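Everything below belongs to upload_29.txt, which stores compact mmCIF, N, CA, C and O atoms.
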# COMPACT_ATOMS: atom_id res chain seq x y z
N MET A 23 119.34 -20.21 -170.48
CA MET A 23 118.47 -20.88 -169.53
C MET A 23 117.19 -21.31 -170.25
O MET A 23 116.53 -20.49 -170.86
N SER A 24 116.87 -22.59 -170.20
CA SER A 24 115.67 -23.07 -170.87
C SER A 24 114.48 -23.02 -169.92
O SER A 24 114.60 -23.24 -168.72
N LYS A 25 113.35 -22.71 -170.50
CA LYS A 25 112.12 -22.59 -169.73
C LYS A 25 111.38 -23.93 -169.76
O LYS A 25 111.21 -24.53 -170.81
N VAL A 26 110.95 -24.41 -168.60
CA VAL A 26 110.22 -25.67 -168.51
C VAL A 26 108.73 -25.36 -168.64
O VAL A 26 108.21 -24.49 -167.94
N SER A 27 108.06 -26.08 -169.55
CA SER A 27 106.64 -25.82 -169.77
C SER A 27 105.80 -26.28 -168.58
O SER A 27 106.20 -27.14 -167.80
N SER A 28 104.63 -25.70 -168.46
CA SER A 28 103.73 -26.09 -167.38
C SER A 28 103.30 -27.55 -167.54
O SER A 28 103.10 -28.26 -166.55
N GLN A 29 103.18 -28.01 -168.79
CA GLN A 29 102.82 -29.42 -169.03
C GLN A 29 103.93 -30.34 -168.54
O GLN A 29 103.66 -31.37 -167.93
N THR A 30 105.18 -29.98 -168.78
CA THR A 30 106.31 -30.78 -168.32
C THR A 30 106.34 -30.84 -166.80
O THR A 30 106.57 -31.89 -166.21
N LYS A 31 106.06 -29.70 -166.16
CA LYS A 31 106.01 -29.66 -164.69
C LYS A 31 104.90 -30.57 -164.17
O LYS A 31 105.09 -31.31 -163.21
N TRP A 32 103.71 -30.48 -164.81
CA TRP A 32 102.58 -31.31 -164.39
C TRP A 32 102.93 -32.78 -164.54
O TRP A 32 102.69 -33.58 -163.64
N ASN A 33 103.51 -33.15 -165.69
CA ASN A 33 103.89 -34.54 -165.94
C ASN A 33 104.84 -35.06 -164.88
O ASN A 33 104.69 -36.19 -164.40
N SER A 34 105.81 -34.25 -164.50
CA SER A 34 106.79 -34.66 -163.49
C SER A 34 106.15 -34.83 -162.12
O SER A 34 106.53 -35.70 -161.34
N ALA A 35 105.16 -34.00 -161.82
CA ALA A 35 104.52 -34.03 -160.50
C ALA A 35 103.42 -35.08 -160.38
O ALA A 35 102.98 -35.38 -159.29
N HIS A 36 102.97 -35.64 -161.52
CA HIS A 36 101.82 -36.56 -161.51
C HIS A 36 102.10 -37.83 -162.32
O HIS A 36 101.41 -38.10 -163.32
N PRO A 37 103.06 -38.65 -161.92
CA PRO A 37 103.40 -39.83 -162.72
C PRO A 37 102.26 -40.85 -162.84
O PRO A 37 102.09 -41.46 -163.89
N LYS A 38 101.47 -41.02 -161.79
CA LYS A 38 100.38 -42.00 -161.85
C LYS A 38 99.31 -41.54 -162.85
O LYS A 38 98.80 -42.33 -163.63
N GLU A 39 98.98 -40.26 -162.81
CA GLU A 39 97.99 -39.72 -163.73
C GLU A 39 98.49 -39.84 -165.17
O GLU A 39 97.73 -40.23 -166.06
N LEU A 40 99.75 -39.54 -165.39
CA LEU A 40 100.35 -39.64 -166.72
C LEU A 40 100.29 -41.08 -167.22
O LEU A 40 99.94 -41.33 -168.38
N TRP A 41 100.59 -42.03 -166.35
CA TRP A 41 100.53 -43.45 -166.71
C TRP A 41 99.10 -43.85 -167.08
O TRP A 41 98.87 -44.54 -168.09
N ALA A 42 98.11 -43.41 -166.30
CA ALA A 42 96.71 -43.75 -166.58
C ALA A 42 96.27 -43.17 -167.92
O ALA A 42 95.60 -43.86 -168.71
N HIS A 43 96.63 -41.93 -168.20
CA HIS A 43 96.27 -41.31 -169.48
C HIS A 43 96.90 -42.07 -170.65
O HIS A 43 96.24 -42.34 -171.66
N SER A 44 98.16 -42.43 -170.49
CA SER A 44 98.86 -43.17 -171.54
C SER A 44 98.25 -44.55 -171.76
O SER A 44 98.07 -44.99 -172.90
N ALA A 45 97.92 -45.24 -170.68
CA ALA A 45 97.32 -46.57 -170.79
C ALA A 45 95.97 -46.50 -171.49
O ALA A 45 95.65 -47.34 -172.35
N LEU A 46 95.17 -45.49 -171.16
CA LEU A 46 93.86 -45.33 -171.80
C LEU A 46 94.02 -45.02 -173.27
O LEU A 46 93.33 -45.60 -174.12
N ARG A 47 94.94 -44.11 -173.63
CA ARG A 47 95.19 -43.79 -175.04
C ARG A 47 95.58 -45.04 -175.82
O ARG A 47 95.08 -45.29 -176.92
N SER A 48 96.45 -45.84 -175.25
CA SER A 48 96.90 -47.07 -175.90
C SER A 48 95.74 -48.04 -176.09
O SER A 48 95.57 -48.63 -177.16
N ALA A 49 94.92 -48.21 -175.07
CA ALA A 49 93.77 -49.12 -175.17
C ALA A 49 92.77 -48.63 -176.22
O ALA A 49 92.19 -49.45 -176.95
N LEU A 50 92.58 -47.33 -176.31
CA LEU A 50 91.68 -46.78 -177.34
C LEU A 50 92.23 -47.07 -178.74
O LEU A 50 91.47 -47.51 -179.62
N ARG A 51 93.53 -46.85 -178.94
CA ARG A 51 94.14 -47.12 -180.26
C ARG A 51 94.02 -48.58 -180.65
O ARG A 51 93.81 -48.90 -181.82
N LYS A 52 94.15 -49.48 -179.67
CA LYS A 52 94.11 -50.91 -179.95
C LYS A 52 92.68 -51.46 -180.01
O LYS A 52 92.48 -52.63 -180.29
N GLY A 53 91.70 -50.63 -179.72
CA GLY A 53 90.32 -51.06 -179.75
C GLY A 53 89.89 -51.85 -178.53
O GLY A 53 88.85 -52.50 -178.54
N LEU A 54 90.66 -51.80 -177.45
CA LEU A 54 90.33 -52.50 -176.22
C LEU A 54 89.29 -51.75 -175.40
O LEU A 54 88.61 -52.34 -174.56
N VAL A 55 89.20 -50.45 -175.64
CA VAL A 55 88.24 -49.59 -174.97
C VAL A 55 87.54 -48.79 -176.07
O VAL A 55 88.18 -48.36 -177.02
N VAL A 56 86.25 -48.60 -175.94
CA VAL A 56 85.48 -47.83 -176.91
C VAL A 56 85.07 -46.51 -176.26
O VAL A 56 84.53 -46.50 -175.15
N ARG A 57 85.36 -45.43 -176.97
CA ARG A 57 85.01 -44.10 -176.47
C ARG A 57 83.49 -43.97 -176.45
O ARG A 57 82.80 -44.31 -177.40
N GLY A 58 82.97 -43.46 -175.34
CA GLY A 58 81.53 -43.28 -175.20
C GLY A 58 81.12 -41.84 -175.40
O GLY A 58 81.95 -40.95 -175.58
N LYS A 59 79.83 -41.61 -175.37
CA LYS A 59 79.28 -40.26 -175.46
C LYS A 59 79.34 -39.60 -174.08
O LYS A 59 79.42 -40.29 -173.06
N CYS A 60 79.27 -38.27 -174.07
CA CYS A 60 79.28 -37.54 -172.81
C CYS A 60 78.12 -38.00 -171.94
O CYS A 60 76.96 -38.02 -172.39
N GLU A 61 78.42 -38.37 -170.72
CA GLU A 61 77.37 -38.87 -169.81
C GLU A 61 76.41 -37.76 -169.38
O GLU A 61 75.35 -38.04 -168.84
N VAL A 62 76.76 -36.50 -169.62
CA VAL A 62 75.90 -35.38 -169.23
C VAL A 62 75.02 -34.93 -170.39
O VAL A 62 73.81 -34.83 -170.25
N CYS A 63 75.64 -34.67 -171.57
CA CYS A 63 74.89 -34.07 -172.66
C CYS A 63 74.77 -34.95 -173.91
O CYS A 63 74.07 -34.59 -174.84
N GLY A 64 75.51 -36.06 -173.93
CA GLY A 64 75.42 -36.96 -175.08
C GLY A 64 76.32 -36.59 -176.25
O GLY A 64 76.24 -37.22 -177.31
N ALA A 65 77.20 -35.61 -176.08
CA ALA A 65 78.10 -35.21 -177.16
C ALA A 65 79.00 -36.38 -177.55
O ALA A 65 79.36 -37.21 -176.72
N GLU A 66 79.35 -36.44 -178.84
CA GLU A 66 80.19 -37.52 -179.36
C GLU A 66 81.68 -37.33 -179.05
O GLU A 66 82.39 -38.29 -178.82
N ASN A 67 82.15 -36.08 -179.07
CA ASN A 67 83.56 -35.78 -178.87
C ASN A 67 83.85 -35.73 -177.37
O ASN A 67 83.46 -34.77 -176.70
N THR A 68 84.50 -36.76 -176.83
CA THR A 68 84.66 -36.88 -175.38
C THR A 68 86.09 -37.16 -174.96
O THR A 68 86.91 -37.62 -175.74
N ASP A 69 86.33 -36.90 -173.68
CA ASP A 69 87.57 -37.25 -172.98
C ASP A 69 87.21 -38.26 -171.91
O ASP A 69 86.11 -38.21 -171.35
N GLY A 70 88.14 -39.12 -171.58
CA GLY A 70 87.94 -40.03 -170.46
C GLY A 70 88.37 -39.36 -169.17
O GLY A 70 89.48 -38.87 -169.06
N HIS A 71 87.47 -39.29 -168.20
CA HIS A 71 87.80 -38.71 -166.90
C HIS A 71 88.02 -39.83 -165.89
O HIS A 71 87.15 -40.67 -165.69
N HIS A 72 89.19 -39.85 -165.28
CA HIS A 72 89.53 -40.85 -164.27
C HIS A 72 89.11 -40.37 -162.89
O HIS A 72 89.61 -39.37 -162.41
N ASP A 73 88.22 -41.11 -162.25
CA ASP A 73 87.92 -40.84 -160.85
C ASP A 73 88.95 -41.52 -159.96
O ASP A 73 89.16 -41.12 -158.82
N ASP A 74 89.58 -42.58 -160.49
CA ASP A 74 90.58 -43.36 -159.74
C ASP A 74 91.71 -43.72 -160.70
O ASP A 74 91.53 -44.55 -161.59
N TYR A 75 92.86 -43.08 -160.53
CA TYR A 75 93.98 -43.31 -161.43
C TYR A 75 94.60 -44.70 -161.29
O TYR A 75 95.37 -45.11 -162.14
N ASP A 76 94.25 -45.43 -160.25
CA ASP A 76 94.72 -46.80 -160.12
C ASP A 76 93.96 -47.74 -161.05
O ASP A 76 94.33 -48.90 -161.21
N ARG A 77 92.87 -47.26 -161.64
CA ARG A 77 92.05 -48.05 -162.55
C ARG A 77 91.95 -47.30 -163.89
O ARG A 77 90.94 -46.66 -164.19
N PRO A 78 93.01 -47.35 -164.70
CA PRO A 78 93.09 -46.50 -165.89
C PRO A 78 92.06 -46.78 -166.98
O PRO A 78 91.81 -45.91 -167.81
N MET A 79 91.44 -47.95 -166.97
CA MET A 79 90.44 -48.25 -168.00
C MET A 79 89.02 -47.92 -167.54
O MET A 79 88.07 -48.02 -168.31
N VAL A 80 88.87 -47.51 -166.28
CA VAL A 80 87.55 -47.16 -165.76
C VAL A 80 87.45 -45.64 -165.80
O VAL A 80 88.08 -44.94 -165.00
N VAL A 81 86.71 -45.14 -166.77
CA VAL A 81 86.59 -43.70 -166.95
C VAL A 81 85.13 -43.30 -167.14
O VAL A 81 84.29 -44.12 -167.49
N ARG A 82 84.89 -42.03 -166.90
CA ARG A 82 83.60 -41.41 -167.22
C ARG A 82 83.84 -40.63 -168.49
O ARG A 82 84.79 -39.84 -168.57
N TRP A 83 83.02 -40.83 -169.50
CA TRP A 83 83.18 -40.11 -170.76
C TRP A 83 82.45 -38.79 -170.67
O TRP A 83 81.25 -38.74 -170.39
N LEU A 84 83.21 -37.71 -170.87
CA LEU A 84 82.67 -36.36 -170.75
C LEU A 84 83.17 -35.50 -171.90
O LEU A 84 84.34 -35.61 -172.29
N CYS A 85 82.29 -34.62 -172.42
CA CYS A 85 82.74 -33.65 -173.41
C CYS A 85 83.71 -32.69 -172.70
O CYS A 85 83.79 -32.67 -171.47
N ARG A 86 84.43 -31.91 -173.46
CA ARG A 86 85.44 -31.02 -172.87
C ARG A 86 84.82 -30.06 -171.85
O ARG A 86 85.37 -29.84 -170.78
N LEU A 87 83.65 -29.51 -172.16
CA LEU A 87 82.98 -28.58 -171.24
C LEU A 87 82.66 -29.25 -169.91
O LEU A 87 83.00 -28.73 -168.84
N HIS A 88 82.03 -30.41 -169.95
CA HIS A 88 81.65 -31.08 -168.71
C HIS A 88 82.86 -31.66 -167.98
O HIS A 88 82.87 -31.73 -166.75
N HIS A 89 83.90 -32.03 -168.71
CA HIS A 89 85.14 -32.49 -168.08
C HIS A 89 85.76 -31.33 -167.28
O HIS A 89 86.17 -31.51 -166.14
N ARG A 90 85.78 -30.15 -167.88
CA ARG A 90 86.30 -28.97 -167.16
C ARG A 90 85.47 -28.68 -165.92
O ARG A 90 86.02 -28.35 -164.87
N HIS A 91 84.15 -28.81 -166.03
CA HIS A 91 83.28 -28.56 -164.88
C HIS A 91 83.60 -29.51 -163.72
O HIS A 91 83.62 -29.09 -162.56
N VAL A 92 83.84 -30.78 -164.04
CA VAL A 92 84.18 -31.76 -163.00
C VAL A 92 85.47 -31.34 -162.30
O VAL A 92 85.57 -31.36 -161.07
N HIS A 93 86.48 -30.92 -163.08
CA HIS A 93 87.75 -30.53 -162.48
C HIS A 93 87.63 -29.24 -161.67
O HIS A 93 88.25 -29.11 -160.62
N MET A 94 86.81 -28.31 -162.14
CA MET A 94 86.59 -27.07 -161.37
C MET A 94 85.91 -27.40 -160.04
O MET A 94 86.29 -26.86 -159.00
N LYS A 95 84.93 -28.28 -160.06
CA LYS A 95 84.23 -28.70 -158.85
C LYS A 95 85.20 -29.40 -157.89
O LYS A 95 85.19 -29.14 -156.69
N ASP A 96 86.08 -30.28 -158.44
CA ASP A 96 87.07 -30.98 -157.61
C ASP A 96 88.01 -29.99 -156.94
O ASP A 96 88.38 -30.18 -155.78
N ARG A 97 88.43 -28.93 -157.65
CA ARG A 97 89.33 -27.95 -157.06
C ARG A 97 88.67 -27.20 -155.92
O ARG A 97 89.31 -26.87 -154.92
N LYS A 98 87.37 -26.90 -156.08
CA LYS A 98 86.65 -26.16 -155.04
C LYS A 98 86.45 -26.99 -153.79
O LYS A 98 86.49 -26.48 -152.68
N THR A 99 86.23 -28.29 -153.96
CA THR A 99 85.96 -29.16 -152.80
C THR A 99 87.23 -29.72 -152.20
O THR A 99 87.19 -30.33 -151.14
N GLY A 100 88.35 -29.54 -152.91
CA GLY A 100 89.63 -30.00 -152.37
C GLY A 100 89.85 -31.42 -152.65
O GLY A 100 90.56 -32.19 -152.22
Give the structure from the file, written as C-alpha cells.
Amino acid sequence: MSKVSSQTKWNSAHPKELWAHSALRSALRKGLVVRGKCEVCGAENTDGHHDDYDRPMVVRWLCRLHHRHVHMKDRKTG
C-alpha cells in the first residue's frame, strides 16, 4: 500500500491554486513578472501570495515569515 503525501493531497484538492502557482512560476522564469521585496519588512527573498487565485499574476510579495503570518491570520478568520 503506497502512502499519499500531504502535498499530493493538497494539490488534488486545490487545482485552481496549483494552476495559479504554476502560472506565476512560469512568468517569473520567462521574466514576465519581477519578484519584489517583502511588502512588510523589505526582505529580498520572497514568495508571491495570491489574494485571488483567479488572477495568478497579481500577488503580494512577502518573505516566508510574513507569508506564514498571512496564512495563519486567514485560518483564524475563516
Margin query: Need to verify the contact set: stretch 81-94 of chain A, 12 Å, only C-alpha atoms, exclusion of same-chain residues closer than 2 positions in sequence. Can you return it as JSON, numbers by chain?
Written below: {"A": [42, 43, 45, 46, 47, 50, 55, 56, 57, 58, 59, 60, 61, 62, 63, 64, 65, 66, 67, 68, 69, 70, 71, 72, 73, 74, 75, 76, 77, 78, 79, 96, 97, 98, 99, 100]}
With N, CA, C and O atoms retained, could you export that selection as a short mmCIF file (atom, residue, chain, number, x, y, z; two decimals), keeping the file's coordinate frame?
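To be explicit, this is the file written out as selection-v8.cif:
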data_model
loop_
_atom_site.label_atom_id
_atom_site.label_comp_id
_atom_site.auth_asym_id
_atom_site.auth_seq_id
_atom_site.Cartn_x
_atom_site.Cartn_y
_atom_site.Cartn_z
N ALA A 42 98.11 -43.41 -166.30
CA ALA A 42 96.71 -43.75 -166.58
C ALA A 42 96.27 -43.17 -167.92
O ALA A 42 95.60 -43.86 -168.71
N HIS A 43 96.63 -41.93 -168.20
CA HIS A 43 96.27 -41.31 -169.48
C HIS A 43 96.90 -42.07 -170.65
O HIS A 43 96.24 -42.34 -171.66
N ALA A 45 97.92 -45.24 -170.68
CA ALA A 45 97.32 -46.57 -170.79
C ALA A 45 95.97 -46.50 -171.49
O ALA A 45 95.65 -47.34 -172.35
N LEU A 46 95.17 -45.49 -171.16
CA LEU A 46 93.86 -45.33 -171.80
C LEU A 46 94.02 -45.02 -173.27
O LEU A 46 93.33 -45.60 -174.12
N ARG A 47 94.94 -44.11 -173.63
CA ARG A 47 95.19 -43.79 -175.04
C ARG A 47 95.58 -45.04 -175.82
O ARG A 47 95.08 -45.29 -176.92
N LEU A 50 92.58 -47.33 -176.31
CA LEU A 50 91.68 -46.78 -177.34
C LEU A 50 92.23 -47.07 -178.74
O LEU A 50 91.47 -47.51 -179.62
N VAL A 55 89.20 -50.45 -175.64
CA VAL A 55 88.24 -49.59 -174.97
C VAL A 55 87.54 -48.79 -176.07
O VAL A 55 88.18 -48.36 -177.02
N VAL A 56 86.25 -48.60 -175.94
CA VAL A 56 85.48 -47.83 -176.91
C VAL A 56 85.07 -46.51 -176.26
O VAL A 56 84.53 -46.50 -175.15
N ARG A 57 85.36 -45.43 -176.97
CA ARG A 57 85.01 -44.10 -176.47
C ARG A 57 83.49 -43.97 -176.45
O ARG A 57 82.80 -44.31 -177.40
N GLY A 58 82.97 -43.46 -175.34
CA GLY A 58 81.53 -43.28 -175.20
C GLY A 58 81.12 -41.84 -175.40
O GLY A 58 81.95 -40.95 -175.58
N LYS A 59 79.83 -41.61 -175.37
CA LYS A 59 79.28 -40.26 -175.46
C LYS A 59 79.34 -39.60 -174.08
O LYS A 59 79.42 -40.29 -173.06
N CYS A 60 79.27 -38.27 -174.07
CA CYS A 60 79.28 -37.54 -172.81
C CYS A 60 78.12 -38.00 -171.94
O CYS A 60 76.96 -38.02 -172.39
N GLU A 61 78.42 -38.37 -170.72
CA GLU A 61 77.37 -38.87 -169.81
C GLU A 61 76.41 -37.76 -169.38
O GLU A 61 75.35 -38.04 -168.84
N VAL A 62 76.76 -36.50 -169.62
CA VAL A 62 75.90 -35.38 -169.23
C VAL A 62 75.02 -34.93 -170.39
O VAL A 62 73.81 -34.83 -170.25
N CYS A 63 75.64 -34.67 -171.57
CA CYS A 63 74.89 -34.07 -172.66
C CYS A 63 74.77 -34.95 -173.91
O CYS A 63 74.07 -34.59 -174.84
N GLY A 64 75.51 -36.06 -173.93
CA GLY A 64 75.42 -36.96 -175.08
C GLY A 64 76.32 -36.59 -176.25
O GLY A 64 76.24 -37.22 -177.31
N ALA A 65 77.20 -35.61 -176.08
CA ALA A 65 78.10 -35.21 -177.16
C ALA A 65 79.00 -36.38 -177.55
O ALA A 65 79.36 -37.21 -176.72
N GLU A 66 79.35 -36.44 -178.84
CA GLU A 66 80.19 -37.52 -179.36
C GLU A 66 81.68 -37.33 -179.05
O GLU A 66 82.39 -38.29 -178.82
N ASN A 67 82.15 -36.08 -179.07
CA ASN A 67 83.56 -35.78 -178.87
C ASN A 67 83.85 -35.73 -177.37
O ASN A 67 83.46 -34.77 -176.70
N THR A 68 84.50 -36.76 -176.83
CA THR A 68 84.66 -36.88 -175.38
C THR A 68 86.09 -37.16 -174.96
O THR A 68 86.91 -37.62 -175.74
N ASP A 69 86.33 -36.90 -173.68
CA ASP A 69 87.57 -37.25 -172.98
C ASP A 69 87.21 -38.26 -171.91
O ASP A 69 86.11 -38.21 -171.35
N GLY A 70 88.14 -39.12 -171.58
CA GLY A 70 87.94 -40.03 -170.46
C GLY A 70 88.37 -39.36 -169.17
O GLY A 70 89.48 -38.87 -169.06
N HIS A 71 87.47 -39.29 -168.20
CA HIS A 71 87.80 -38.71 -166.90
C HIS A 71 88.02 -39.83 -165.89
O HIS A 71 87.15 -40.67 -165.69
N HIS A 72 89.19 -39.85 -165.28
CA HIS A 72 89.53 -40.85 -164.27
C HIS A 72 89.11 -40.37 -162.89
O HIS A 72 89.61 -39.37 -162.41
N ASP A 73 88.22 -41.11 -162.25
CA ASP A 73 87.92 -40.84 -160.85
C ASP A 73 88.95 -41.52 -159.96
O ASP A 73 89.16 -41.12 -158.82
N ASP A 74 89.58 -42.58 -160.49
CA ASP A 74 90.58 -43.36 -159.74
C ASP A 74 91.71 -43.72 -160.70
O ASP A 74 91.53 -44.55 -161.59
N TYR A 75 92.86 -43.08 -160.53
CA TYR A 75 93.98 -43.31 -161.43
C TYR A 75 94.60 -44.70 -161.29
O TYR A 75 95.37 -45.11 -162.14
N ASP A 76 94.25 -45.43 -160.25
CA ASP A 76 94.72 -46.80 -160.12
C ASP A 76 93.96 -47.74 -161.05
O ASP A 76 94.33 -48.90 -161.21
N ARG A 77 92.87 -47.26 -161.64
CA ARG A 77 92.05 -48.05 -162.55
C ARG A 77 91.95 -47.30 -163.89
O ARG A 77 90.94 -46.66 -164.19
N PRO A 78 93.01 -47.35 -164.70
CA PRO A 78 93.09 -46.50 -165.89
C PRO A 78 92.06 -46.78 -166.98
O PRO A 78 91.81 -45.91 -167.81
N MET A 79 91.44 -47.95 -166.97
CA MET A 79 90.44 -48.25 -168.00
C MET A 79 89.02 -47.92 -167.54
O MET A 79 88.07 -48.02 -168.31
N ASP A 96 86.08 -30.28 -158.44
CA ASP A 96 87.07 -30.98 -157.61
C ASP A 96 88.01 -29.99 -156.94
O ASP A 96 88.38 -30.18 -155.78
N ARG A 97 88.43 -28.93 -157.65
CA ARG A 97 89.33 -27.95 -157.06
C ARG A 97 88.67 -27.20 -155.92
O ARG A 97 89.31 -26.87 -154.92
N LYS A 98 87.37 -26.90 -156.08
CA LYS A 98 86.65 -26.16 -155.04
C LYS A 98 86.45 -26.99 -153.79
O LYS A 98 86.49 -26.48 -152.68
N THR A 99 86.23 -28.29 -153.96
CA THR A 99 85.96 -29.16 -152.80
C THR A 99 87.23 -29.72 -152.20
O THR A 99 87.19 -30.33 -151.14
N GLY A 100 88.35 -29.54 -152.91
CA GLY A 100 89.63 -30.00 -152.37
C GLY A 100 89.85 -31.42 -152.65
O GLY A 100 90.56 -32.19 -152.22
#
Margin query: Could you go through chain A and tell me which residues DSSP, when run on the backbone, assigns to helix (DSSP H, G or I), listing them as an NGL selection string?
Written below: :A and (28-35 or 37-52 or 86-99)
Quick one: 4 Å padding each side, axis-aligned, all listed atoms of stretch 40-52 of chain A - centre and edge lengths in Å to one decimal, as JSON?
{"center_x": 96.0, "center_y": -46.1, "center_z": -173.6, "size_x": 17.1, "size_y": 21.1, "size_z": 24.4}
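Assigned to strand (DSSP E or B) in chain A, given DSSP computed from backbone atoms, are Asp69, Gly70, His71, Arg82, Trp83 and Leu84 of chain A.
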Check: In Å, with one decimal, what is the gap from atom N of A:Ser48 to atom O of A:Val80?
Finding: 13.3 Å
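If you look at atom N of A:Gly53 and atom O of A:Glu39, they are 18.2 Å away from each other.
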Supply stretch 75-82 of chain A as a CSV table (one decimal), in the frame of the given file, with all heavy atoms built in where the input has gaps.
chain,number,residue,atom,x,y,z
A,75,TYR,N,92.9,-43.1,-160.5
A,75,TYR,CA,94.0,-43.3,-161.4
A,75,TYR,C,94.6,-44.7,-161.3
A,75,TYR,O,95.4,-45.1,-162.1
A,75,TYR,CB,95.0,-42.2,-161.2
A,75,TYR,CG,94.6,-40.9,-161.8
A,75,TYR,CD1,94.3,-39.9,-160.9
A,75,TYR,CD2,94.5,-40.7,-163.2
A,75,TYR,CE1,93.8,-38.6,-161.4
A,75,TYR,CE2,94.1,-39.5,-163.7
A,75,TYR,CZ,93.8,-38.4,-162.8
A,75,TYR,OH,93.4,-37.2,-163.3
A,76,ASP,N,94.2,-45.4,-160.2
A,76,ASP,CA,94.7,-46.8,-160.1
A,76,ASP,C,94.0,-47.7,-161.0
A,76,ASP,O,94.3,-48.9,-161.2
A,76,ASP,CB,94.6,-47.3,-158.7
A,76,ASP,CG,95.6,-46.7,-157.7
A,76,ASP,OD1,96.7,-46.4,-158.2
A,76,ASP,OD2,95.2,-46.4,-156.6
A,77,ARG,N,92.9,-47.3,-161.6
A,77,ARG,CA,92.0,-48.0,-162.6
A,77,ARG,C,92.0,-47.3,-163.9
A,77,ARG,O,90.9,-46.7,-164.2
A,77,ARG,CB,90.7,-48.3,-161.9
A,77,ARG,CG,90.8,-49.0,-160.6
A,77,ARG,CD,89.5,-49.1,-159.9
A,77,ARG,NE,88.5,-49.9,-160.6
A,77,ARG,CZ,87.2,-49.8,-160.4
A,77,ARG,NH1,86.7,-49.0,-159.6
A,77,ARG,NH2,86.4,-50.6,-161.1
A,78,PRO,N,93.0,-47.4,-164.7
A,78,PRO,CA,93.1,-46.5,-165.9
A,78,PRO,C,92.1,-46.8,-167.0
A,78,PRO,O,91.8,-45.9,-167.8
A,78,PRO,CB,94.5,-46.8,-166.4
A,78,PRO,CG,94.9,-48.1,-165.9
A,78,PRO,CD,94.2,-48.2,-164.5
A,79,MET,N,91.4,-48.0,-167.0
A,79,MET,CA,90.4,-48.2,-168.0
A,79,MET,C,89.0,-47.9,-167.5
A,79,MET,O,88.1,-48.0,-168.3
A,79,MET,CB,90.5,-49.7,-168.4
A,79,MET,CG,91.8,-50.2,-169.0
A,79,MET,SD,92.3,-49.2,-170.4
A,79,MET,CE,94.1,-49.0,-170.0
A,80,VAL,N,88.9,-47.5,-166.3
A,80,VAL,CA,87.6,-47.2,-165.8
A,80,VAL,C,87.4,-45.6,-165.8
A,80,VAL,O,88.1,-44.9,-165.0
A,80,VAL,CB,87.4,-47.7,-164.3
A,80,VAL,CG1,86.0,-47.3,-163.8
A,80,VAL,CG2,87.5,-49.2,-164.3
A,81,VAL,N,86.7,-45.1,-166.8
A,81,VAL,CA,86.6,-43.7,-167.0
A,81,VAL,C,85.1,-43.3,-167.1
A,81,VAL,O,84.3,-44.1,-167.5
A,81,VAL,CB,87.4,-43.2,-168.2
A,81,VAL,CG1,88.9,-43.4,-167.9
A,81,VAL,CG2,86.9,-43.8,-169.5
A,82,ARG,N,84.9,-42.0,-166.9
A,82,ARG,CA,83.6,-41.4,-167.2
A,82,ARG,C,83.8,-40.6,-168.5
A,82,ARG,O,84.8,-39.8,-168.6
A,82,ARG,CB,83.2,-40.5,-166.1
A,82,ARG,CG,82.9,-41.2,-164.8
A,82,ARG,CD,82.8,-40.3,-163.6
A,82,ARG,NE,81.9,-39.2,-163.9
A,82,ARG,CZ,81.8,-38.1,-163.2
A,82,ARG,NH1,82.7,-37.9,-162.2
A,82,ARG,NH2,81.0,-37.1,-163.4
